[in-house]
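Structure below is target14.cif: mmCIF, C-alpha atoms.
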data_work
#
loop_
_atom_site.label_atom_id
_atom_site.label_comp_id
_atom_site.auth_asym_id
_atom_site.auth_seq_id
_atom_site.Cartn_x
_atom_site.Cartn_y
_atom_site.Cartn_z
CA MET A 1 -36.09 38.56 -26.92
CA SER A 2 -32.91 40.62 -26.77
CA ARG A 3 -32.31 43.26 -24.14
CA PRO A 4 -32.15 46.95 -25.13
CA LEU A 5 -28.74 48.37 -25.86
CA ALA A 6 -26.95 50.33 -23.18
CA PRO A 7 -25.77 53.84 -24.11
CA ALA A 8 -22.19 52.57 -24.39
CA GLY A 9 -23.47 49.70 -26.56
CA ARG A 10 -25.27 52.12 -28.89
CA LEU A 11 -22.13 54.25 -29.15
CA PHE A 12 -20.09 51.13 -29.96
CA ALA A 13 -22.61 50.19 -32.69
CA VAL A 14 -22.29 53.66 -34.25
CA ALA A 15 -18.49 53.57 -34.05
CA ALA A 16 -18.38 50.09 -35.62
CA PHE A 17 -20.61 51.21 -38.50
CA LEU A 18 -18.57 54.39 -39.11
CA GLU A 19 -15.31 52.45 -39.05
CA GLY A 20 -16.69 49.91 -41.54
CA PHE A 21 -18.25 52.58 -43.78
CA THR A 22 -15.05 54.62 -44.00
CA TRP A 23 -13.03 51.42 -44.63
CA ALA A 24 -15.31 50.69 -47.60
CA GLY A 25 -14.88 54.26 -48.86
CA LEU A 26 -11.12 54.02 -48.53
CA LEU A 27 -11.04 50.70 -50.39
CA ILE A 28 -13.09 52.20 -53.23
CA GLY A 29 -10.83 55.25 -53.21
CA MET A 30 -7.72 53.04 -53.45
CA PHE A 31 -9.28 51.12 -56.35
CA LEU A 32 -9.94 54.39 -58.17
CA LYS A 33 -6.44 55.68 -57.39
CA TYR A 34 -4.56 52.59 -58.50
CA GLY A 35 -7.09 51.32 -61.04
CA PRO A 36 -7.83 52.56 -64.51
CA ALA A 37 -9.23 55.92 -63.36
CA ALA A 38 -6.02 57.04 -61.56
CA ASN A 39 -8.05 59.50 -59.47
CA GLU A 40 -6.84 60.28 -55.93
CA LEU A 41 -9.96 62.10 -54.73
CA GLY A 42 -11.45 59.07 -52.93
CA VAL A 43 -8.26 58.48 -50.94
CA LYS A 44 -7.93 62.19 -50.12
CA ILE A 45 -11.48 62.19 -48.72
CA PHE A 46 -11.73 58.78 -47.08
CA GLY A 47 -8.13 58.49 -45.85
CA PRO A 48 -8.50 61.11 -43.12
CA LEU A 49 -12.12 60.12 -42.44
CA HIS A 50 -11.10 56.53 -41.89
CA GLY A 51 -8.18 57.54 -39.68
CA GLY A 52 -10.53 59.52 -37.46
CA ALA A 53 -13.15 56.75 -37.47
CA PHE A 54 -10.49 54.18 -36.55
CA LEU A 55 -9.32 56.21 -33.55
CA PHE A 56 -12.92 56.90 -32.50
CA TYR A 57 -13.70 53.16 -32.73
CA VAL A 58 -10.70 52.20 -30.57
CA VAL A 59 -11.55 54.78 -27.88
CA VAL A 60 -15.24 53.79 -27.88
CA THR A 61 -14.27 50.10 -27.72
CA VAL A 62 -12.22 50.66 -24.58
CA LEU A 63 -15.00 52.78 -23.07
CA ALA A 64 -17.67 50.15 -23.87
CA ALA A 65 -15.46 47.34 -22.56
CA LEU A 66 -15.05 49.14 -19.24
CA ARG A 67 -18.64 50.33 -18.88
CA LEU A 68 -20.25 47.06 -19.99
CA ARG A 69 -17.67 44.86 -18.23
CA TRP A 70 -16.70 42.83 -21.28
CA PRO A 71 -14.54 39.75 -20.80
CA TRP A 72 -10.92 40.20 -21.87
CA TRP A 73 -11.39 38.12 -25.04
CA ALA A 74 -14.23 40.37 -26.26
CA THR A 75 -12.16 43.51 -25.74
CA LEU A 76 -9.17 42.04 -27.54
CA LEU A 77 -11.34 40.77 -30.40
CA ALA A 78 -13.04 44.15 -30.78
CA VAL A 79 -9.69 45.98 -31.01
CA ILE A 80 -8.27 43.45 -33.48
CA ALA A 81 -11.46 43.70 -35.59
CA ALA A 82 -10.55 47.28 -36.50
CA VAL A 83 -7.50 46.16 -38.50
CA PRO A 84 -8.89 43.99 -41.34
CA PRO A 85 -11.37 45.72 -43.64
CA LEU A 86 -15.08 45.65 -42.77
CA VAL A 87 -14.87 43.31 -39.75
CA THR A 88 -16.25 45.74 -37.16
CA VAL A 89 -19.79 45.56 -38.58
CA PRO A 90 -20.29 41.77 -38.30
CA LEU A 91 -18.52 41.85 -34.92
CA GLU A 92 -20.99 44.48 -33.67
CA MET A 93 -23.90 42.35 -34.93
CA TRP A 94 -22.52 39.31 -33.07
CA PHE A 95 -21.86 41.30 -29.88
CA ARG A 96 -25.44 42.60 -30.04
CA ARG A 97 -26.78 39.05 -30.51
CA ILE A 98 -24.84 37.62 -27.54
CA GLY A 99 -25.78 40.53 -25.28
CA LEU A 100 -22.43 42.28 -24.91
CA LEU A 101 -23.92 45.65 -25.91
CA SER A 102 -26.61 45.55 -23.21
CA GLU A 103 -26.37 46.19 -19.50
CA ARG A 104 -25.47 43.05 -17.56
CA ALA A 105 -28.14 41.59 -15.32
#
Could you take the file, read its structure, and then write that structure out as structure tokens?
Amino acid sequence: MSRPLAPAGRLFAVAAFLEGFTWAGLLIGMFLKYGPAANELGVKIFGPLHGGAFLFYVVVTVLAALRLRWPWWATLLAVIAAVPPLVTVPLEMWFRRIGLLSERA
């Protein structure tokens, strides 16, 4: 049975989801902008949202790494995961499974 998430772990989970969700919105917006529709609305909406979510994710990652005493490799991996599209969500699921989002015993 997995341990309950620490407050910093819950915040990291939310940040990872928001970062992934806004990445998906931005990708759809870019498809609509450069695809057959040629409509920039999706990029105008999700561009700034994703920028804010990205910064929020990075700050929360550093906070969670410090509060939950992550090993250096987990912190580095979490920061790098924000760069390619949609990687923060599976990373959060893996971190949850291996116990990095819970208080250490």
Checklist entry - Could you work out how far CA of Leu27 in chain A lies from CA of Arg96 in chain A, giving the answer in Å with one decimal? => result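 Spanning CA of Arg96 in chain A to CA of Leu27 in chain A is a straight-line distance of 26.2 Å.
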Next on the checklist: Applying the PyMOL selection byres ((chain A and resi 89-94) around 10) to the file I just gave you, which residues come out? Please list them as a ChimeraX atom specification.
Outcome noted: /A:9-10,12-21,74,77-78,81-82,85-88,95-101
Item to check | Proximity to Phe46 in chain A - best of A:Trp23, A:Ser2, A:Val59, A:Trp70, only C-alpha atoms | outcome: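 Selected residue with least distance to Phe46 in chain A: A:Trp23.
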Checklist entry - Written as a ChimeraX atom specification, what is the full residue list that the PyMOL selection byres ((chain A and resi 67) around 10) yields on the file shown? => result /A:6-9,61-66,68-70,101,103
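The residue that comes closest to Gly51 in chain A, out of A:Val79, A:Phe31, A:Thr22, A:Arg104 and on the basis of only C-alpha atoms, is A:Thr22.
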Next on the checklist: When you count only C-alpha atoms, which of these residues is closest to Leu49 in chain A: A:Lys33, A:Pro71, A:Gly25, A:Arg3?
Outcome noted: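 Distance minimum relative to Leu49 in chain A lands on A:Gly25.
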Checklist entry - Separation of CA of His50 in chain A and CA of Pro84 in chain A, in Å? => result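 Calculated distance between CA of His50 in chain A and CA of Pro84 in chain A is 12.7 Å.
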Next on the checklist: When you count all atoms listed in the file, which of these residues is closest to Gly47 in chain A: A:Leu11, A:Leu26, A:Val60, A:Leu32?
Outcome noted: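 That would be A:Leu26, the residue with the smallest distance to Gly47 in chain A.
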Next on the checklist: One decimal, in Å: what's the spacing between CA of Phe56 in chain A and CA of Gly42 in chain A?
Outcome noted: 20.6 Å
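Remark: for Ile45 in chain A, the closest of the candidate residues A:Leu5, A:Leu76, A:Ile28, A:Val83 is A:Ile28 (distances computed over only C-alpha atoms).
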Completion step: range 62-75 of chain A with N, CA and C atoms as a PDB file, keeping the file's coordinate frame:
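Result written to result-v1.pdb:
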ATOM      1  N   VAL A  62     -12.749  50.706 -25.946  1.00  0.00           N
ATOM      2  CA  VAL A  62     -12.220  50.660 -24.580  1.00  0.00           C
ATOM      3  C   VAL A  62     -13.263  51.157 -23.590  1.00  0.00           C
ATOM      4  N   LEU A  63     -13.943  52.245 -23.933  1.00  0.00           N
ATOM      5  CA  LEU A  63     -15.000  52.780 -23.070  1.00  0.00           C
ATOM      6  C   LEU A  63     -16.117  51.752 -22.871  1.00  0.00           C
ATOM      7  N   ALA A  64     -16.592  51.154 -23.967  1.00  0.00           N
ATOM      8  CA  ALA A  64     -17.670  50.150 -23.870  1.00  0.00           C
ATOM      9  C   ALA A  64     -17.209  48.940 -23.074  1.00  0.00           C
ATOM     10  N   ALA A  65     -15.976  48.508 -23.288  1.00  0.00           N
ATOM     11  CA  ALA A  65     -15.460  47.340 -22.560  1.00  0.00           C
ATOM     12  C   ALA A  65     -15.453  47.600 -21.059  1.00  0.00           C
ATOM     13  N   LEU A  66     -15.079  48.798 -20.666  1.00  0.00           N
ATOM     14  CA  LEU A  66     -15.050  49.140 -19.240  1.00  0.00           C
ATOM     15  C   LEU A  66     -16.460  49.306 -18.677  1.00  0.00           C
ATOM     16  N   ARG A  67     -17.288  50.059 -19.380  1.00  0.00           N
ATOM     17  CA  ARG A  67     -18.640  50.330 -18.880  1.00  0.00           C
ATOM     18  C   ARG A  67     -19.523  49.091 -18.859  1.00  0.00           C
ATOM     19  N   LEU A  68     -19.377  48.241 -19.880  1.00  0.00           N
ATOM     20  CA  LEU A  68     -20.250  47.060 -19.990  1.00  0.00           C
ATOM     21  C   LEU A  68     -19.592  45.806 -19.430  1.00  0.00           C
ATOM     22  N   ARG A  69     -18.400  45.970 -18.868  1.00  0.00           N
ATOM     23  CA  ARG A  69     -17.670  44.860 -18.230  1.00  0.00           C
ATOM     24  C   ARG A  69     -17.511  43.655 -19.157  1.00  0.00           C
ATOM     25  N   TRP A  70     -16.953  43.919 -20.337  1.00  0.00           N
ATOM     26  CA  TRP A  70     -16.700  42.830 -21.280  1.00  0.00           C
ATOM     27  C   TRP A  70     -15.612  41.918 -20.753  1.00  0.00           C
ATOM     28  N   PRO A  71     -15.676  40.638 -21.113  1.00  0.00           N
ATOM     29  CA  PRO A  71     -14.540  39.750 -20.800  1.00  0.00           C
ATOM     30  C   PRO A  71     -13.324  40.174 -21.638  1.00  0.00           C
ATOM     31  N   TRP A  72     -12.158  39.780 -21.192  1.00  0.00           N
ATOM     32  CA  TRP A  72     -10.920  40.200 -21.870  1.00  0.00           C
ATOM     33  C   TRP A  72     -10.908  39.793 -23.333  1.00  0.00           C
ATOM     34  N   TRP A  73     -11.434  38.596 -23.654  1.00  0.00           N
ATOM     35  CA  TRP A  73     -11.390  38.120 -25.040  1.00  0.00           C
ATOM     36  C   TRP A  73     -12.245  38.996 -25.960  1.00  0.00           C
ATOM     37  N   ALA A  74     -13.358  39.524 -25.442  1.00  0.00           N
ATOM     38  CA  ALA A  74     -14.230  40.370 -26.260  1.00  0.00           C
ATOM     39  C   ALA A  74     -13.549  41.711 -26.548  1.00  0.00           C
ATOM     40  N   THR A  75     -12.880  42.250 -25.553  1.00  0.00           N
ATOM     41  CA  THR A  75     -12.160  43.510 -25.740  1.00  0.00           C
ATOM     42  C   THR A  75     -11.046  43.345 -26.757  1.00  0.00           C
TER      43      THR A  75
END
